[in-house]
Every structure is written in structure tokens, then in C-alpha cells.
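Notes follow once the structure below has been shown.
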Amino acid sequence: SEAPYVCISHVWSDGLGSTTEEGLPRCQAQRLCTLSERILPSGHIWMDSLCVPGFKHARKRAIGLMASTYQRANTVLVLDSTIRACSPQAHAQARLLHVVTSAWMHRLWTLQEAMLARQLSFEFAGSTIVDAEDLLPQGEDLCSPLLLQLASELFRLRTYARSRADMSFFHVSRALQWRTTSRVEDETLAVSGLLSLDASTLVNLEGDRRMKAFLLAVGKLSRTIIFLMGPRLQIPAFTWAPKTLMTNSGSQMSSSSNENDVAFCTQDGLVAEYSV
């Protein structure tokens with residue numbers, strides 16, 4: 001359907017997690033409708049808790065279409081209890097602090113949801129909806145180091161959305177650092193859309209095989225990927241590859257665009273040059 005709609009972005013720990021079959025309490029559904037009507041009076045709502053089935057095969061298909069779903073939405077509306085606790089009239093520093101310390105900012109799936117959004121909005125106290133662009137420092141606020149630091153991650157998210165440029169593997173891995181999920185196997189599905197990869201080709205793969213297929217699809221990597229801390233794939237010729245890019249160890253791949261820093265992922269393993 002080409003009907004306009006609002007996508008709801010949230011974290012399940014806030015109590016809105018569910019499936020199509022189970023649905024949500026009527027009071028919650030009514031609240032969502034009221035919020036969405038303020039953004040798009042004639043539109044519809046899309047929310048994973050209502051539109052992603054629990055049935056295995058249908059669920060996999062819905063997950064494969066997730067990137068397109070958020071990319072085509074008129075607005076992605078963020079619901080998070082930490083952000084909702086902040087007054088929309090609070091100082092810019094307080095509003096940004098509530099956003100950057102929220103559970104929403106640190107979960108895996110919400111990265112793609114924020115970066116693919118045409119327009120990103122947040123629900124603050126009193127059910128007030130604030131556009132992400134209105135949270136970014138402007139004018140005299142650009143002289144405040146604290147505000148700029150608080151806004152840096154949100155700025156990166158929106159810069160990508162505005163440019164509509166494909167992200168590099170390095171940028172995705174950097175954005176994943178410090179993010180978390182209860183289902184590590186979903187990691188590649190949650191970022192495929194950011195790299196213009198088809199998530200539907202990965203959903204039927206399990207465990208290490210899914211990460212292997214993801215790295216092969218990306219193709220061009222950073223040769224410093226072998227230095228990332230953490231567990232490795234247990235697949236012949238791929239024991240150099242990390243099981244996850246979500247690491248809070250402080251290690252990260254080089255961002256250099258130098259051709260000497262490039263490595264290529266092939267069926268035979270990683271092809272790169274190193275100096276000893």
C-alpha cells in the first residue's frame with residue numbers, strides 16, 4: 001500500500017512488546033492512535049508489536065522487509081520512558097541528555113530505525129512530539145561544547161538520513177559499538193538496510209552462518225577487523241571474523257580510506273596485506 005503511515009520505534013523493555021497475534025491492550029492502542037494522528041491525521045500506524053507475526057515464516061518475511069518499512073514511513077516516532085520523563089520546555093542540555101541516555105539510543109534495532117527515517121520525532125512529557133532537528137544545537141548553542149558533545153550521536157544519525165548515502169562497513173560497526181540486544185543473531189538483519197543489503201537473504205540462516213553470509217555480502221572490509229576484541233566464528237577460513245560488531249571493549253576498526261587498509265572477504269577467507 002502507498003498510504004502514508006507513522007512507524008513507532010520503541011524498546012520492548014518499556015512494556016510495548018508483543019506480536020500480531022497477541023496485540024496490545026486497547027488503552028495502549030488508543031494512545032498510539034492519538035499520538036500518530038497529531039503527526040499524520042489521515043495516516044496509519046506501523047509497529048512491530050502489531051504488524052510482525054509470531055509465526056516463524058511470516059515473522060522472518062516481516063523482518064526481511066523491516067528496512068523498507070521504516071524507510072518509506074512519513075515519520076518515525078520514538079517512544080521511550082526516559083525521554084517521556086523530560087519536559088519539552090526543559091533546557092536543551094536536559095532534553096538531549098534524556099535522549100542520549102535512553103534505552104532507545106542503545107538498542108540494536110533502533111539504530112536502523114533512526115537512520116532510515118525520513119523524519120524522526122520523539123515523544124516528550126505531556127505527549128508532546130518534538131522533531132529531532134529541533135533538538136540539535138543552532139545559533140548561539142553551537143558555541144557550547146557540552147551541547148555539541150551531547151548532540152553528536154543524534155547529529156550523526158540525522159546526517160545519514162538527510163544525505164541518503166550508503167554507509168560504509170566502518171561507519172556501521174562504529175555505530176554498533178556500545179549497542180545491545182537480547183538476540184545477537186539479529187545483528188546482521190538489523191543493519192543490512194544501512195548497507196543496502198537484502199535482509200531477506202539472511203533470515204533463513206542461523207548462527208555463525210548468518211554472520212559469514214553478511215560479511216561475504218559486504219565484501220570490502222577493514223583489514224583491522226581481525227583486531228576486534230570478542231568471540232570469533234567457528235567456521236573454517238572464518239575464524240578471524242567476529243561473532244558480533246557490538247563491542248564495548250573500546251576496540252574499533254580503522255576508518256582510513258587508504259587502499260592499503262582494505263581487506264576483502266571471500267569464500268576462502270580474508271584477503272589483506274599486513275606489515276610485520
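Chain labels follow the order of the C-alpha cells: the first chain is A, the next B, and so on; residue numbering restarts at 1 in every chain, and ligands are counted from 1 in their shown order.
Within range 77-141 of chain A, residues classed as alpha helix (DSSP H) by DSSP on backbone coordinates are A:Ser81, A:Thr82, A:Ile83, A:Arg84, A:Ala92, A:Gln93, A:Ala94, A:Arg95, A:Leu96, A:Leu97, A:His98, A:Val99, A:Val100, A:Leu108, A:Trp109, A:Thr110, A:Leu111, A:Gln112, A:Glu113, A:Ala114, A:Met115.
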Tell me which protein, DNA and RNA residues are within 12 Å of Met105 in chain A, counting only C-alpha atoms, leaving out same-chain ones fewer than 3 positions away, and put them as JSON, numbers by chain.
-> {"A": [9, 10, 11, 78, 79, 80, 81, 82, 83, 96, 97, 98, 99, 100, 101, 102, 108, 109, 110, 111, 112, 113, 114, 115, 122, 153, 154, 157, 175, 176, 177, 178, 179, 180, 181]}
Convert the current residue selection to file output with N, CA and C atoms, as a tab-separated table (two decimals), in the first residue's frame.
chain	number	residue	atom	x	y	z
A	9	SER	N	8.84	3.56	16.88
A	9	SER	CA	10.12	2.99	17.28
A	9	SER	C	10.18	2.97	18.81
A	10	HIS	N	10.46	1.81	19.39
A	10	HIS	CA	10.41	1.69	20.85
A	10	HIS	C	11.31	0.56	21.30
A	11	VAL	N	11.47	0.42	22.60
A	11	VAL	CA	12.20	-0.72	23.16
A	11	VAL	C	11.20	-1.58	23.94
A	78	VAL	N	9.54	8.06	18.10
A	78	VAL	CA	10.24	7.34	19.16
A	78	VAL	C	9.48	7.44	20.47
A	79	LEU	N	9.20	6.28	21.08
A	79	LEU	CA	8.56	6.22	22.39
A	79	LEU	C	9.54	5.58	23.37
A	80	ASP	N	9.93	6.31	24.39
A	80	ASP	CA	10.88	5.80	25.37
A	80	ASP	C	10.57	6.45	26.72
A	81	SER	N	10.56	5.67	27.79
A	81	SER	CA	10.16	6.18	29.10
A	81	SER	C	11.12	7.25	29.63
A	82	THR	N	12.40	7.13	29.32
A	82	THR	CA	13.37	8.14	29.77
A	82	THR	C	13.12	9.48	29.09
A	83	ILE	N	12.88	9.44	27.79
A	83	ILE	CA	12.62	10.67	27.04
A	83	ILE	C	11.28	11.26	27.45
A	96	LEU	N	18.51	16.80	25.42
A	96	LEU	CA	19.48	15.94	24.73
A	96	LEU	C	20.00	14.84	25.65
A	97	LEU	N	20.21	15.17	26.92
A	97	LEU	CA	20.71	14.18	27.88
A	97	LEU	C	19.72	13.04	28.03
A	98	HIS	N	18.43	13.35	28.07
A	98	HIS	CA	17.41	12.30	28.17
A	98	HIS	C	17.41	11.42	26.92
A	99	VAL	N	17.66	12.00	25.77
A	99	VAL	CA	17.69	11.22	24.53
A	99	VAL	C	18.90	10.30	24.48
A	100	VAL	N	20.10	10.86	24.74
A	100	VAL	CA	21.33	10.07	24.58
A	100	VAL	C	21.50	9.02	25.67
A	101	THR	N	20.84	9.18	26.82
A	101	THR	CA	20.94	8.18	27.88
A	101	THR	C	19.76	7.22	27.89
A	102	SER	N	18.87	7.36	26.95
A	102	SER	CA	17.68	6.49	26.90
A	102	SER	C	18.04	5.09	26.44
A	108	LEU	N	19.93	-2.30	19.61
A	108	LEU	CA	20.37	-2.65	18.27
A	108	LEU	C	19.41	-2.19	17.17
A	109	TRP	N	18.16	-2.61	17.23
A	109	TRP	CA	17.23	-2.37	16.13
A	109	TRP	C	16.94	-0.89	15.92
A	110	THR	N	17.01	-0.09	16.98
A	110	THR	CA	16.65	1.32	16.85
A	110	THR	C	17.68	2.11	16.04
A	111	LEU	N	18.87	1.57	15.85
A	111	LEU	CA	19.87	2.25	15.01
A	111	LEU	C	19.35	2.39	13.59
A	112	GLN	N	18.93	1.29	12.99
A	112	GLN	CA	18.41	1.32	11.63
A	112	GLN	C	17.13	2.16	11.56
A	113	GLU	N	16.29	2.04	12.56
A	113	GLU	CA	15.02	2.77	12.56
A	113	GLU	C	15.25	4.27	12.54
A	114	ALA	N	16.28	4.73	13.25
A	114	ALA	CA	16.59	6.16	13.30
A	114	ALA	C	17.27	6.63	12.03
A	115	MET	N	18.17	5.82	11.51
A	115	MET	CA	18.95	6.25	10.36
A	115	MET	C	18.17	6.22	9.05
A	122	PHE	N	10.31	12.59	18.61
A	122	PHE	CA	10.34	11.98	19.94
A	122	PHE	C	9.12	12.43	20.75
A	153	GLU	N	25.90	12.20	18.64
A	153	GLU	CA	25.38	10.93	18.11
A	153	GLU	C	24.07	11.14	17.36
A	154	LEU	N	23.21	11.98	17.89
A	154	LEU	CA	21.95	12.28	17.20
A	154	LEU	C	22.23	12.98	15.88
A	157	LEU	N	23.23	10.40	13.32
A	157	LEU	CA	22.06	9.64	12.86
A	157	LEU	C	21.30	10.42	11.80
A	175	ALA	N	28.86	2.65	14.70
A	175	ALA	CA	27.55	2.98	15.27
A	175	ALA	C	27.04	1.86	16.17
A	176	LEU	N	27.48	0.63	15.91
A	176	LEU	CA	27.03	-0.51	16.71
A	176	LEU	C	27.75	-0.62	18.04
A	177	GLN	N	28.91	0.02	18.15
A	177	GLN	CA	29.66	-0.07	19.39
A	177	GLN	C	28.82	0.48	20.54
A	178	TRP	N	28.77	-0.26	21.63
A	178	TRP	CA	28.02	0.09	22.84
A	178	TRP	C	26.52	-0.20	22.71
A	179	ARG	N	26.04	-0.64	21.56
A	179	ARG	CA	24.62	-1.02	21.47
A	179	ARG	C	24.45	-2.46	21.93
A	180	THR	N	23.24	-2.80	22.33
A	180	THR	CA	22.98	-4.12	22.89
A	180	THR	C	21.70	-4.72	22.33
A	181	THR	N	21.57	-6.02	22.48
A	181	THR	CA	20.35	-6.73	22.09
A	181	THR	C	20.28	-8.04	22.86
Interatomic distance between CA of Gln267 in chain A and CA of Ile235 in chain A?
-> 11.1 Å
Spatial neighbours of Gly64 in chain A, max dist 12 Å, only C-alpha atoms, sep filter under 5 positions, as a PyMOL selection string | chain A and resi 52+57-59+69-70+186+188-193+197-204
Ser87 in chain A environment, 9 Å, only C-alpha atoms, sequence neighbours closer than 2 positions dropped, as a ChimeraX atom specification = /A:83-85,89-91,94-95,124-126,128
Would you put the residues from that selection into a file with N, CA and C atoms, as a tab-separated table (two decimals), in the first residue's frame?
chain	number	residue	atom	x	y	z
A	83	ILE	N	12.88	9.44	27.79
A	83	ILE	CA	12.62	10.67	27.04
A	83	ILE	C	11.28	11.26	27.45
A	84	ARG	N	10.30	10.39	27.67
A	84	ARG	CA	8.96	10.85	28.04
A	84	ARG	C	8.95	11.52	29.41
A	85	ALA	N	9.97	11.26	30.23
A	85	ALA	CA	10.04	11.86	31.57
A	85	ALA	C	10.54	13.30	31.53
A	89	GLN	N	9.77	21.71	27.54
A	89	GLN	CA	10.23	23.06	27.82
A	89	GLN	C	11.56	23.08	28.58
A	90	ALA	N	12.11	21.91	28.86
A	90	ALA	CA	13.38	21.83	29.59
A	90	ALA	C	14.51	22.43	28.75
A	91	HIS	N	15.62	22.73	29.42
A	91	HIS	CA	16.78	23.28	28.72
A	91	HIS	C	17.25	22.28	27.66
A	94	ALA	N	19.21	19.32	28.91
A	94	ALA	CA	18.42	18.29	29.59
A	94	ALA	C	17.69	17.41	28.57
A	95	ARG	N	17.14	18.02	27.55
A	95	ARG	CA	16.41	17.24	26.54
A	95	ARG	C	17.35	16.29	25.81
A	124	PHE	N	7.91	13.59	24.20
A	124	PHE	CA	8.35	14.09	25.49
A	124	PHE	C	7.16	14.12	26.45
A	125	ALA	N	7.37	14.65	27.65
A	125	ALA	CA	6.31	14.68	28.66
A	125	ALA	C	5.07	15.39	28.14
A	126	GLY	N	3.92	14.93	28.63
A	126	GLY	CA	2.67	15.53	28.19
A	126	GLY	C	2.27	15.14	26.79
A	128	THR	N	3.91	15.44	24.22
A	128	THR	CA	4.37	16.46	23.27
A	128	THR	C	5.36	15.83	22.29
Could you pull out all residues of range 16-203 of chain A with a DSSP call of strand (DSSP E or B) and give them as a list in words?
-> His44, Ile45, Trp46, Thr75, Val76, Leu77, Val78, Leu79, Arg107, Leu120, Ser121, Phe122, Glu123, Phe124, Thr128, Ile129, Val130, Asp131 and Thr180 of chain A
For His44 in chain A, list every protein, DNA or RNA residue within 7 Å, evaluated using only C-alpha atoms, and leave out those in the same chain fewer than 4 positions away; present the list as a list in words.
->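 Everything that qualifies: Pro4, Tyr5 and Val6 of chain A.
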Export, as a compact mmCIF listing (two decimals), in the first residue's frame, the selected residues with C-alpha atoms.
# COMPACT_ATOMS: atom_id res chain seq x y z
CA PRO A 4 1.07 7.32 4.38
CA TYR A 5 1.88 5.94 7.81
CA VAL A 6 3.78 6.59 11.03
What lies within 7 Å of Gln119 in chain A using only C-alpha atoms, ignoring chain neighbours under 6 positions off, as a PDB file with N, CA and C atoms, in the first residue's frame?
ATOM      1  N   ASN A  74       6.341   8.058   6.639  1.00  0.00           N
ATOM      2  CA  ASN A  74       6.391   9.522   6.638  1.00  0.00           C
ATOM      3  C   ASN A  74       7.174  10.039   7.840  1.00  0.00           C
ATOM      4  N   THR A  75       6.957   9.405   8.984  1.00  0.00           N
ATOM      5  CA  THR A  75       7.645   9.790  10.220  1.00  0.00           C
ATOM      6  C   THR A  75       7.898   8.551  11.059  1.00  0.00           C
ATOM      7  N   VAL A  76       9.049   8.524  11.720  1.00  0.00           N
ATOM      8  CA  VAL A  76       9.325   7.506  12.730  1.00  0.00           C
ATOM      9  C   VAL A  76       9.221   8.199  14.084  1.00  0.00           C
TER      10      VAL A  76
END
In terms of only C-alpha atoms, the residue from A:Glu273, A:Asp261, A:Glu2, A:Glu22 at minimal distance from Phe170 in chain A is A:Asp261
Quote the spacing between CA of Trp12 in chain A and CA of Leu24 in chain A in Å to one decimal place.
-> 12.2 Å
Distance query Arg156 in chain A at most 12 Å, only C-alpha atoms, self and fewer than 4 positions along chain excluded, as a PyMOL selection string | chain A and resi 111+114-115+132-133+136+148-152+160-163+167+171-172+174-175
Which residue out of A:Gly139, A:Asp131, A:Lys212, A:Leu221 has the minimum interatomic distance to Ser168 in chain A when only C-alpha atoms are used?
->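 Among A:Gly139, A:Asp131, A:Lys212, A:Leu221, it is A:Leu221 that comes nearest to Ser168 in chain A.
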